[in-house]
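*Asks:* File follows, model-v8.cif with mmCIF, C-alpha atoms:
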```cif
data_data
#
loop_
_atom_site.label_atom_id
_atom_site.label_comp_id
_atom_site.auth_asym_id
_atom_site.auth_seq_id
_atom_site.Cartn_x
_atom_site.Cartn_y
_atom_site.Cartn_z
CA MET A 11 91.93 -18.30 -25.59
CA PRO A 12 93.77 -15.75 -27.78
CA ILE A 13 91.47 -13.19 -29.36
CA ASP A 14 92.90 -14.12 -32.78
CA GLN A 15 91.21 -17.52 -32.56
CA ILE A 16 87.85 -15.90 -31.84
CA THR A 17 88.41 -13.46 -34.72
CA ASP A 18 89.30 -16.30 -37.09
CA ALA A 19 86.19 -18.22 -36.03
CA ILE A 20 83.98 -15.17 -36.66
CA ARG A 21 85.56 -14.68 -40.08
CA LYS A 22 84.85 -18.32 -40.95
CA VAL A 23 81.21 -17.97 -39.88
CA LEU A 24 80.77 -14.95 -42.15
CA ASP A 25 82.63 -16.58 -45.06
CA GLU A 26 80.36 -19.62 -44.80
CA GLY A 27 77.24 -17.47 -44.64
CA SER A 28 76.39 -19.04 -41.31
CA ARG A 29 75.27 -17.46 -38.01
CA ALA A 30 76.65 -17.29 -34.50
CA VAL A 31 76.49 -15.38 -31.22
CA LEU A 32 79.53 -13.73 -29.66
CA ILE A 33 79.26 -13.62 -25.86
CA THR A 34 81.42 -11.19 -23.86
CA VAL A 35 81.76 -10.81 -20.10
CA ALA A 36 80.68 -7.17 -19.71
CA ARG A 37 80.72 -6.92 -15.90
CA SER A 38 81.94 -9.27 -13.15
CA GLU A 39 83.86 -9.25 -9.89
CA ARG A 40 84.91 -12.90 -10.16
CA LEU A 41 85.49 -13.41 -13.87
CA ALA A 42 87.78 -11.62 -16.29
CA VAL A 43 85.88 -8.78 -17.96
CA GLY A 44 86.26 -9.08 -21.72
CA GLY A 45 86.30 -12.89 -21.74
CA LYS A 46 84.65 -14.18 -24.90
CA MET A 47 82.95 -17.25 -26.30
CA LEU A 48 81.49 -17.76 -29.76
CA VAL A 49 78.45 -20.03 -30.09
CA LYS A 50 77.79 -21.21 -33.64
CA ALA A 51 74.38 -22.08 -35.05
CA ASN A 52 75.24 -25.80 -34.90
CA GLY A 53 76.05 -25.53 -31.17
CA GLU A 54 79.81 -25.63 -31.58
CA THR A 55 81.66 -23.21 -29.28
CA VAL A 56 84.96 -21.39 -29.46
CA GLY A 57 86.40 -19.74 -26.34
CA ASP A 58 85.57 -19.78 -22.62
CA LEU A 59 83.87 -17.32 -20.26
CA GLY A 60 85.84 -18.60 -17.27
CA ASP A 61 83.17 -20.72 -15.56
CA THR A 62 81.89 -24.11 -16.76
CA SER A 63 78.37 -23.66 -15.41
CA LEU A 64 78.14 -20.16 -16.87
CA ASN A 65 79.34 -21.48 -20.23
CA ARG A 66 76.47 -23.99 -20.26
CA VAL A 67 73.81 -21.42 -19.38
CA ALA A 68 75.26 -18.90 -21.83
CA VAL A 69 75.14 -21.43 -24.68
CA GLU A 70 71.46 -22.07 -23.97
CA GLN A 71 70.76 -18.33 -23.92
CA ALA A 72 72.75 -17.83 -27.13
CA SER A 73 70.79 -20.55 -28.94
CA ALA A 74 67.50 -18.92 -27.94
CA PHE A 75 68.79 -15.49 -29.00
CA LEU A 76 69.95 -16.84 -32.35
CA THR A 77 66.59 -18.38 -33.21
CA ALA A 78 64.45 -15.50 -31.93
CA ARG A 79 62.34 -13.88 -34.66
CA ASP A 80 63.54 -10.33 -34.23
CA ASP A 81 66.31 -8.15 -35.58
CA ALA A 82 68.00 -7.41 -32.24
CA LYS A 83 71.75 -7.41 -32.68
CA LEU A 84 72.67 -7.03 -29.00
CA LEU A 85 71.35 -8.48 -25.76
CA ILE A 86 72.59 -7.93 -22.21
CA VAL A 87 71.82 -10.64 -19.65
CA SER A 88 72.54 -10.51 -15.93
CA ASP A 89 69.81 -12.81 -14.59
CA PHE A 90 71.14 -16.37 -14.70
CA ALA A 91 70.05 -19.74 -13.34
CA PRO A 92 69.44 -19.96 -9.55
CA GLU A 93 72.47 -22.22 -9.09
CA LEU A 94 74.75 -19.42 -10.32
CA THR A 95 74.13 -17.09 -7.39
CA GLU A 96 77.85 -16.56 -7.02
CA LEU A 97 77.74 -14.83 -10.42
CA GLU A 98 74.86 -12.49 -9.64
CA ASP A 99 77.21 -9.54 -10.19
CA THR A 100 78.02 -10.78 -13.71
CA SER A 101 76.55 -9.41 -16.94
CA LEU A 102 77.05 -10.87 -20.38
CA LEU A 103 76.74 -9.14 -23.74
CA PHE A 104 75.32 -11.27 -26.56
CA GLU A 105 76.03 -10.10 -30.11
CA ARG A 106 74.48 -11.70 -33.17
CA ILE A 107 77.00 -12.51 -35.93
CA GLU A 108 75.58 -13.12 -39.38
CA THR A 109 76.17 -12.22 -43.00
CA GLU A 110 74.47 -9.01 -44.11
CA PRO A 111 71.51 -10.01 -46.31
CA HIS A 112 72.22 -9.14 -49.93
CA LEU A 113 69.63 -8.99 -52.70
CA VAL A 114 70.78 -9.04 -56.32
CA ILE A 115 68.08 -7.89 -58.73
CA ALA A 116 68.40 -8.53 -62.45
CA GLY A 117 66.19 -6.03 -64.22
CA ALA A 118 65.49 -2.42 -63.22
CA GLY A 119 62.04 -2.00 -64.72
CA HIS A 120 59.03 -1.03 -62.62
CA VAL A 121 59.08 -4.22 -60.53
CA GLY A 122 62.86 -4.33 -60.13
CA ALA A 123 63.08 -0.70 -59.08
CA SER A 124 60.22 -1.08 -56.60
CA LEU A 125 61.79 -4.23 -55.19
CA ALA A 126 65.16 -2.51 -54.79
CA ARG A 127 63.67 0.40 -52.87
CA LEU A 128 61.59 -1.85 -50.62
CA ALA A 129 64.48 -4.21 -49.84
CA ALA A 130 66.80 -1.30 -49.06
CA LEU A 131 64.16 0.14 -46.76
CA ILE A 132 64.12 -3.00 -44.58
CA GLY A 133 67.89 -3.21 -44.37
CA TYR A 134 69.04 -5.35 -47.28
CA ARG A 135 72.15 -4.48 -49.22
CA VAL A 136 70.85 -4.30 -52.77
CA THR A 137 72.55 -4.63 -56.14
CA LEU A 138 70.32 -3.58 -59.05
CA ILE A 139 71.55 -4.60 -62.50
CA ASP A 140 70.29 -3.69 -65.95
CA ASP A 141 71.77 -3.52 -69.43
CA ARG A 142 70.01 -0.19 -70.00
CA ALA A 143 72.07 2.55 -68.37
CA GLU A 144 69.15 4.95 -68.14
CA PHE A 145 67.28 2.51 -65.87
CA VAL A 146 70.05 2.46 -63.25
CA ALA A 147 70.87 6.17 -63.23
CA ARG A 148 71.63 7.38 -59.71
CA GLU A 149 69.20 10.31 -59.97
CA LEU A 150 66.35 7.78 -60.09
CA PHE A 151 67.39 6.49 -56.65
CA SER A 152 68.11 9.63 -54.68
CA ALA A 153 66.12 8.98 -51.49
CA THR A 154 68.05 8.50 -48.26
CA SER A 155 66.91 4.88 -48.02
CA ASP A 156 68.32 4.23 -51.51
CA ALA A 157 71.89 4.61 -50.23
CA ASN A 158 72.13 0.81 -49.83
CA ILE A 159 71.32 0.27 -53.50
CA GLU A 160 74.31 -0.42 -55.73
CA LEU A 161 73.49 0.39 -59.36
CA ILE A 162 75.21 -1.53 -62.16
CA SER A 163 74.91 -0.87 -65.86
CA ALA A 164 75.78 -4.26 -67.35
CA SER A 165 77.41 -4.66 -70.72
CA GLU A 166 77.16 -8.40 -70.08
CA TRP A 167 74.50 -9.87 -67.76
CA ALA A 168 76.36 -13.03 -66.77
CA ALA A 169 79.59 -11.38 -65.66
CA SER A 170 77.80 -8.69 -63.67
CA ILE A 171 75.51 -11.18 -61.91
CA LYS A 172 78.30 -13.59 -60.98
CA GLU A 173 80.43 -10.78 -59.61
CA ALA A 174 77.51 -9.43 -57.57
CA ILE A 175 76.64 -12.86 -56.14
CA GLY A 176 80.21 -13.67 -55.09
CA ASN A 177 80.32 -16.86 -53.00
CA GLY A 178 76.52 -16.86 -52.76
CA HIS A 179 76.31 -16.96 -48.95
CA GLY A 180 73.52 -14.74 -47.65
CA VAL A 181 72.58 -13.76 -51.21
CA ALA A 182 69.14 -13.83 -52.82
CA VAL A 183 68.68 -13.27 -56.55
CA ALA A 184 65.49 -11.94 -58.13
CA ILE A 185 65.33 -12.17 -61.92
CA VAL A 186 62.77 -9.64 -63.16
CA THR A 187 64.00 -8.78 -66.65
CA ARG A 188 62.00 -7.82 -69.69
CA GLY A 189 62.14 -11.02 -71.77
CA HIS A 190 62.98 -14.71 -72.29
CA LYS A 191 66.48 -14.07 -73.57
CA GLN A 192 67.50 -11.95 -70.60
CA ASP A 193 65.79 -14.32 -68.12
CA GLU A 194 67.64 -17.28 -69.56
CA GLU A 195 71.02 -15.55 -69.49
CA CYS A 196 70.53 -14.35 -65.92
CA LEU A 197 69.24 -17.67 -64.60
CA ARG A 198 72.14 -19.52 -66.21
CA ALA A 199 74.63 -17.20 -64.49
CA ALA A 200 72.81 -17.16 -61.14
CA SER A 201 72.39 -20.94 -61.00
CA SER A 202 76.08 -21.56 -61.58
CA ALA A 203 76.92 -19.16 -58.71
CA CYS A 204 74.68 -21.02 -56.19
CA PRO A 205 73.15 -18.20 -54.08
CA ASP A 206 70.85 -19.05 -51.17
CA TYR A 207 67.74 -18.10 -53.16
CA ILE A 208 66.85 -17.66 -56.82
CA GLY A 209 63.49 -16.50 -58.08
CA MET A 210 62.34 -15.59 -61.60
CA ILE A 211 59.32 -13.53 -62.60
CA GLY A 212 56.89 -14.53 -65.34
CA SER A 213 53.96 -16.78 -66.07
CA LYS A 214 54.21 -20.55 -65.57
CA ARG A 215 54.57 -20.96 -69.33
CA ARG A 216 57.33 -18.37 -69.62
CA THR A 217 59.31 -19.65 -66.65
CA ASN A 218 58.95 -23.28 -67.74
CA ILE A 219 60.37 -22.43 -71.17
CA VAL A 220 63.48 -20.99 -69.55
CA LEU A 221 63.86 -23.83 -67.02
CA ASP A 222 63.39 -26.49 -69.71
CA LYS A 223 66.05 -24.85 -71.85
CA LEU A 224 68.57 -25.03 -69.00
CA ARG A 225 67.69 -28.67 -68.30
CA GLU A 226 68.40 -29.45 -71.96
CA GLU A 227 71.79 -27.78 -71.53
CA GLY A 228 72.63 -30.18 -68.73
CA PHE A 229 72.04 -28.06 -65.64
CA ASP A 230 71.47 -30.05 -62.45
CA PRO A 231 67.69 -30.75 -62.27
CA GLN A 232 67.77 -30.62 -58.46
CA LEU A 233 69.37 -27.18 -58.61
CA LEU A 234 66.74 -25.91 -61.04
CA GLU A 235 63.98 -27.40 -58.89
CA LYS A 236 64.94 -24.93 -56.15
CA VAL A 237 64.31 -21.93 -58.41
CA ARG A 238 61.19 -20.06 -57.27
CA ALA A 239 59.35 -19.54 -60.53
CA PRO A 240 57.03 -17.76 -60.77
CA ILE A 241 58.68 -15.72 -58.04
CA GLY A 242 56.91 -14.49 -54.91
CA LEU A 243 53.98 -15.38 -52.66
CA ASP A 244 50.41 -15.40 -53.92
CA ILE A 245 48.90 -12.22 -52.45
CA GLY A 246 46.91 -11.27 -55.52
CA ALA A 247 49.48 -8.62 -56.45
CA ILE A 248 48.77 -6.46 -59.50
CA SER A 249 50.79 -3.24 -59.35
CA PRO A 250 54.62 -3.28 -59.54
CA GLU A 251 54.78 -2.24 -55.90
CA GLU A 252 52.47 -5.08 -54.84
CA VAL A 253 54.50 -7.56 -56.87
CA ALA A 254 57.63 -6.28 -55.11
CA VAL A 255 55.96 -6.92 -51.74
CA ALA A 256 55.07 -10.48 -52.81
CA ILE A 257 58.64 -11.16 -53.94
CA LEU A 258 60.30 -9.70 -50.86
CA ALA A 259 57.89 -11.57 -48.58
CA GLU A 260 59.03 -14.87 -50.09
CA ILE A 261 62.70 -13.90 -49.81
CA VAL A 262 62.31 -12.96 -46.14
CA ALA A 263 60.38 -16.16 -45.44
CA GLU A 264 63.14 -18.22 -47.03
CA ARG A 265 65.83 -16.43 -45.02
CA ARG A 266 63.99 -16.56 -41.70
CA GLY A 267 62.46 -20.00 -42.09
CA GLY A 268 58.89 -18.74 -42.29
CA SER A 269 56.09 -20.72 -43.91
CA GLY A 270 54.34 -17.85 -45.67
CA ALA A 271 51.05 -18.96 -44.09
CA PRO A 272 48.68 -16.45 -42.45
CA LEU A 273 49.63 -15.82 -38.84
CA SER A 274 45.97 -16.08 -37.88
CA ALA A 275 46.13 -19.80 -38.74
CA TRP A 276 48.29 -20.29 -35.63
CA ARG A 277 45.40 -19.15 -33.42
CA ARG A 278 43.07 -21.76 -34.89
CA SER A 279 45.55 -24.65 -34.76
#
```
Starting from the file, lay out its structure as structure tokens.

*Replies:*
Amino acid sequence: MPIDQITDAIRKVLDEGSRAVLITVARSERLAVGGKMLVKANGETVGDLGDTSLNRVAVEQASAFLTARDDAKLLIVSDFAPELTELEDTSLLFERIETEPHLVIAGAGHVGASLARLAALIGYRVTLIDDRAEFVARELFSATSDANIELISASEWAASIKEAIGNGHGVAVAIVTRGHKQDEECLRAASSACPDYIGMIGSKRRTNIVLDKLREEGFDPQLLEKVRAPIGLDIGAISPEEVAVAILAEIVAERRGGSGAPLSAWRRS
């Protein structure tokens, strides 16, 4: 298969915000080195490694690699099923293909700034937006780990948020502004852009006021039902840094398919 078809398939996966594994023949005496096959998250394949039995085993390995709970981007496999002894000299390179996780934060106060730094530290691309230029000054984010933080001084919340969200694939939005008016404006913009995750800080009363207002405006109730408000997991957080941990924990759980339950519960089940 021409490499252009593999490239086009990878581009489509990224545009859709989906995930896949690219498999490449890294070493072999019988197969063409460099042969490629893309295995999508839904099991669909593009390409051929040059051996039907190897294709089948490679798809199984790719599915396991794709669902593994680790951040490994590359995997080399040379130990295949017993029936593939004729390919014992063959090694395959598995490469995870997925959209870079992107966190858009509306509000650069104590919680927003702490959340931005923490998310950048664990590898998220971060966009931090505020309508107060002094809160998104670069000198406030000068640590090496802050390099992944894009700082935006917004003259208009809605336009800045929609531009940052883009097509919404692989994007989480955390609304942590300073008041009802800003929350409402940001949630309206974020909801219309349909990111993978939206969360809004505040008490139940405060968040319900904002959500009710958008329902009255005709926003899709099912869409608003998906908004995590109040945002974050219940860890008893008090300080801005602890609140940031609670928020990021929920965002990671949503992205990775985690339950948010204590891991120790697994031992007792």

*Asks:* Just the number, please: distance in Å from CA of Arg127 (chain A) to CA of Leu221 (chain A), one decimal.

*Replies:*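 Atom-to-atom, CA of Arg127 (chain A) and CA of Leu221 (chain A) are spaced 28.1 Å apart.
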
*Asks:* Please measure the separation of CA of Asp140 (chain A) and CA of Val253 (chain A), giving the value in Å to one decimal.

*Replies:*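 Spanning CA of Asp140 (chain A) to CA of Val253 (chain A) is a straight-line distance of 18.6 Å.
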
*Asks:* Can you list what the PyMOL selection byres ((chain A and resi 134) around 8) grabs from this structure, as a PDB file with C-alpha atoms, in the coordinates of the input?

*Replies:*
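Now in part_26.pdb:
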```
ATOM      1  CA  GLU A 110      74.470  -9.010 -44.110  1.00  0.00           C
ATOM      2  CA  PRO A 111      71.510 -10.010 -46.310  1.00  0.00           C
ATOM      3  CA  HIS A 112      72.220  -9.140 -49.930  1.00  0.00           C
ATOM      4  CA  LEU A 113      69.630  -8.990 -52.700  1.00  0.00           C
ATOM      5  CA  ALA A 129      64.480  -4.210 -49.840  1.00  0.00           C
ATOM      6  CA  ALA A 130      66.800  -1.300 -49.060  1.00  0.00           C
ATOM      7  CA  LEU A 131      64.160   0.140 -46.760  1.00  0.00           C
ATOM      8  CA  ILE A 132      64.120  -3.000 -44.580  1.00  0.00           C
ATOM      9  CA  GLY A 133      67.890  -3.210 -44.370  1.00  0.00           C
ATOM     10  CA  ARG A 135      72.150  -4.480 -49.220  1.00  0.00           C
ATOM     11  CA  VAL A 136      70.850  -4.300 -52.770  1.00  0.00           C
ATOM     12  CA  ASN A 158      72.130   0.810 -49.830  1.00  0.00           C
TER      13      ASN A 158
END
```

*Asks:* Leaving out Leu161 (chain A) and any residue of its chain fewer than 5 positions from it, which residues lie within 8 Å of it when counting only C-alpha atoms, given as a PyMOL selection string?

*Replies:* chain A and resi 137-139+146-148

*Asks:* When the PyMOL selection byres ((chain A and resi 166-180) around 10) is applied to the structure above, which residues does it catch, written out as a VMD selection string?

*Replies:* chain A and resid 24 to 28 108 to 117 136 to 141 160 162 to 165 181 to 183 192 to 193 195 to 207 265

*Asks:* In Å, rounded to a single decimal, give me how far CA of Leu243 (chain A) is from CA of Glu260 (chain A).

*Replies:*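 Between CA of Glu260 (chain A) and CA of Leu243 (chain A) the gap works out to 5.7 Å.
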
*Asks:* Using only C-alpha atoms, find the one residue out of A:Val69, A:Leu125, A:Ala74, A:Ala259 that sits nearest to Ile245 (chain A).

*Replies:*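 The shortest atom-to-atom distance to Ile245 (chain A) comes from A:Ala259.
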
*Asks:* Given the choices A:Val56, A:Val67, A:Ala118, A:Val31, which gets closest to Leu103 (chain A) if the distance is worked out from only C-alpha atoms?

*Replies:* A:Val31

*Asks:* When you count all atoms listed in the file, which of these residues is closest to Glu194 (chain A): A:Leu224, A:Ile16, A:Ile248, A:Val237?

*Replies:*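 With all atoms listed in the file as the atom set, the closest residue is A:Leu224.
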
*Asks:* Quick one: region 16-46 of chain A with N, CA and C atoms, as a CSV table (one decimal), keeping the file's coordinate frame?

*Replies:*
```csv
chain,number,residue,atom,x,y,z
A,16,ILE,N,89.2,-16.3,-31.8
A,16,ILE,CA,87.8,-15.9,-31.8
A,16,ILE,C,87.6,-15.1,-33.1
A,17,THR,N,88.5,-14.2,-33.5
A,17,THR,CA,88.4,-13.5,-34.7
A,17,THR,C,88.4,-14.4,-35.9
A,18,ASP,N,89.3,-15.4,-36.0
A,18,ASP,CA,89.3,-16.3,-37.1
A,18,ASP,C,88.0,-17.1,-37.2
A,19,ALA,N,87.4,-17.5,-36.0
A,19,ALA,CA,86.2,-18.2,-36.0
A,19,ALA,C,85.0,-17.4,-36.6
A,20,ILE,N,85.0,-16.1,-36.2
A,20,ILE,CA,84.0,-15.2,-36.7
A,20,ILE,C,84.1,-15.0,-38.2
A,21,ARG,N,85.3,-14.8,-38.6
A,21,ARG,CA,85.6,-14.7,-40.1
A,21,ARG,C,85.1,-15.9,-40.8
A,22,LYS,N,85.3,-17.1,-40.3
A,22,LYS,CA,84.8,-18.3,-41.0
A,22,LYS,C,83.3,-18.4,-41.0
A,23,VAL,N,82.7,-18.0,-39.9
A,23,VAL,CA,81.2,-18.0,-39.9
A,23,VAL,C,80.7,-17.1,-41.0
A,24,LEU,N,81.2,-15.9,-41.1
A,24,LEU,CA,80.8,-15.0,-42.2
A,24,LEU,C,81.1,-15.5,-43.6
A,25,ASP,N,82.3,-16.1,-43.7
A,25,ASP,CA,82.6,-16.6,-45.1
A,25,ASP,C,81.7,-17.7,-45.5
A,26,GLU,N,81.2,-18.5,-44.5
A,26,GLU,CA,80.4,-19.6,-44.8
A,26,GLU,C,78.9,-19.2,-44.9
A,27,GLY,N,78.6,-17.9,-44.6
A,27,GLY,CA,77.2,-17.5,-44.6
A,27,GLY,C,76.4,-18.1,-43.5
A,28,SER,N,77.1,-18.5,-42.4
A,28,SER,CA,76.4,-19.0,-41.3
A,28,SER,C,76.0,-18.0,-40.3
A,29,ARG,N,75.7,-18.4,-39.1
A,29,ARG,CA,75.3,-17.5,-38.0
A,29,ARG,C,75.9,-17.9,-36.7
A,30,ALA,N,76.1,-17.0,-35.8
A,30,ALA,CA,76.6,-17.3,-34.5
A,30,ALA,C,76.3,-16.2,-33.5
A,31,VAL,N,76.6,-16.4,-32.2
A,31,VAL,CA,76.5,-15.4,-31.2
A,31,VAL,C,77.8,-15.2,-30.5
A,32,LEU,N,78.3,-14.0,-30.4
A,32,LEU,CA,79.5,-13.7,-29.7
A,32,LEU,C,79.1,-13.3,-28.3
A,33,ILE,N,79.6,-14.0,-27.2
A,33,ILE,CA,79.3,-13.6,-25.9
A,33,ILE,C,80.5,-13.0,-25.2
A,34,THR,N,80.3,-11.9,-24.5
A,34,THR,CA,81.4,-11.2,-23.9
A,34,THR,C,81.0,-10.9,-22.4
A,35,VAL,N,82.0,-11.2,-21.5
A,35,VAL,CA,81.8,-10.8,-20.1
A,35,VAL,C,81.9,-9.3,-20.0
A,36,ALA,N,80.7,-8.6,-19.7
A,36,ALA,CA,80.7,-7.2,-19.7
A,36,ALA,C,80.9,-6.6,-18.3
A,37,ARG,N,80.5,-7.4,-17.3
A,37,ARG,CA,80.7,-6.9,-15.9
A,37,ARG,C,80.8,-8.1,-15.0
A,38,SER,N,81.8,-8.2,-14.1
A,38,SER,CA,81.9,-9.3,-13.2
A,38,SER,C,83.0,-9.0,-12.2
A,39,GLU,N,82.8,-9.4,-10.9
A,39,GLU,CA,83.9,-9.2,-9.9
A,39,GLU,C,84.7,-10.5,-9.8
A,40,ARG,N,84.2,-11.6,-10.3
A,40,ARG,CA,84.9,-12.9,-10.2
A,40,ARG,C,85.6,-13.4,-11.5
A,41,LEU,N,85.0,-13.0,-12.6
A,41,LEU,CA,85.5,-13.4,-13.9
A,41,LEU,C,86.2,-12.3,-14.6
A,42,ALA,N,87.0,-12.6,-15.5
A,42,ALA,CA,87.8,-11.6,-16.3
A,42,ALA,C,86.8,-10.9,-17.3
A,43,VAL,N,86.7,-9.6,-17.1
A,43,VAL,CA,85.9,-8.8,-18.0
A,43,VAL,C,86.5,-8.8,-19.3
A,44,GLY,N,85.7,-9.0,-20.4
A,44,GLY,CA,86.3,-9.1,-21.7
A,44,GLY,C,86.4,-10.5,-22.2
A,45,GLY,N,86.2,-11.5,-21.3
A,45,GLY,CA,86.3,-12.9,-21.7
A,45,GLY,C,85.2,-13.2,-22.8
A,46,LYS,N,85.6,-14.0,-23.8
A,46,LYS,CA,84.6,-14.2,-24.9
A,46,LYS,C,84.4,-15.6,-25.2
```
